[in-house]
Structure formats: C-alpha cells, structure tokens
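Asks: This structure is in structure tokens; I'll ask about it shortly.
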Amino acid sequence: MKAYLMLLALVLFSAGVQADNIDTYSFATVDQEQQYRQLTASLRCPKCQNNSIADSNAMIAGDMRLKVYQLLQAGQTPEQVKAYMVARYGNFVSYQPPVTPSTLILWAGPALFVIIGTLVIILRSRRRTDPVALDAEQQQRLDTLLNPDEKQP
C-alpha cells in the first residue's frame, strides 16, 4: 500500500512540475497573440543556442517570453521588441543576424573557402608537367629495378 501511495505522489509531483512550464498569457486581440507567437519563434534562446525561446524550457527563455509579452502589451511593435532583445542579448538572439564587420567572416567565409579551393585545384592541375623522357641507360636501370627476375638484353 505504501508503494502505491509513493508512486501516486511521484506521478502527481512530476505532473505539477511539467505544468509549471506552460506560459498562459491573455491577449487583447488575435493579431497580438499571432505577433507574440511569431516573435518567440524568431528569437533564439541564449542558453540553448539552437532552440527558439518558444521551444526552450530554459529559465532565460521563460524570462524572454515574459518580456516579449510585456513589451507587446505596452504597445510596442514587433520590430521594437526585436530591437530591444538584440540590444539586451546581442545579435546572437536573432536567427538572421545583420552583416557587420565582426560577422563578415561568417557570411563570406564559406564562399571564400570554395573560391580558394577551386583556385588551388586549377593551379595545381596546370602545374603538372609532361613526364621526363629517360635516355637508354636510365630506362635500362629502371627496367632492372622494376623487374629484377627478367633477363635484360
């Protein structure tokens, strides 16, 4: 009987913990709720790095969702909310960071790598020379080295 009560308490406790992660916000209009969903899907969680704040269970993502909600309730536009988040957390929170001198290598790096690799292949293929012709004595020595069992003339 005690085991069943312990199991029931464990199940109820774990369900309560999972229910705690669900955000319940009320919006004035459907349009405002849609903006909230789009914004939370377009902002990256600084802790998870590969999840949006809508998908993340990290505490910072919850704080960011709350701040997005508060800013939208205050009447700010989605662009203003994004600008606030970028100013607060840096360009990393945006899935499409702007091209700046510090991020230029990230944007141009793959293209430069392909161009440089292509140039190296082209230049190496052009540098190949025709094989050097051997004189009769060198050819005989080569044949002797390659085929030691055969009798040479």
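Convention: chains lettered A, B, ... in structure tokens order; per-chain residue numbering from 1; ligands numbered from 1 as shown.
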I need the residues of range 73-144 of chain A that end up classed as helix (DSSP H, G or I) by DSSP on the backbone, written out as a PyMOL selection string.
Replies: chain A and resi 73+78-89+91-93+104-127+136-144
Asks: So that I can check the surroundings of Gln73 in chain A, please list as a list of chain:residue names every protein, DNA and RNA residue that reaches within 10 Å of it, counting only C-alpha atoms and ignoring chain neighbours fewer than 6 positions away.
Replies: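 The residues satisfying every condition are A:Ser26, A:Phe27, A:Ala28, A:Gln32, A:Tyr36, A:Lys67.
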Asks: Using only C-alpha atoms, which of A:Ala54, A:Tyr84, A:Arg126, A:Leu5 sits nearest Gln70 in chain A?
Replies: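 Closest candidate: A:Tyr84.
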Asks: Using Å and a single decimal, report how far CA of Gln80 in chain A sits from CA of Asn50 in chain A.
Replies: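 Atom-to-atom, CA of Asn50 in chain A to CA of Gln80 in chain A, that is 23.1 Å.
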Asks: CA of Phe113 in chain A and CA of Val99 in chain A, how far apart in Å?
Replies: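 Atom-to-atom, CA of Val99 in chain A and CA of Phe113 in chain A are spaced 18.2 Å apart.
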Asks: Between CA of Ala87 in chain A and CA of Ala108 in chain A, what is the distance, to one decimal in Å?
Replies: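 Between CA of Ala87 in chain A and CA of Ala108 in chain A the gap works out to 24.3 Å.
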Asks: Per DSSP on the backbone, what are the strand (DSSP E or B) residues of chain A, as a ChimeraX atom specification?
Replies: /A:43-44,52,94
Asks: Could you turn the residues from that selection into a file that holds C-alpha atoms, as a PDB file, in the first residue's frame?
Replies:
ATOM      1  CA  LEU A  43      14.217  34.736 -31.260  1.00  0.00           C
ATOM      2  CA  ARG A  44      16.965  32.286 -30.293  1.00  0.00           C
ATOM      3  CA  SER A  52      13.812  29.384 -30.210  1.00  0.00           C
ATOM      4  CA  SER A  94      18.331  36.788 -33.999  1.00  0.00           C
TER       5      SER A  94
END
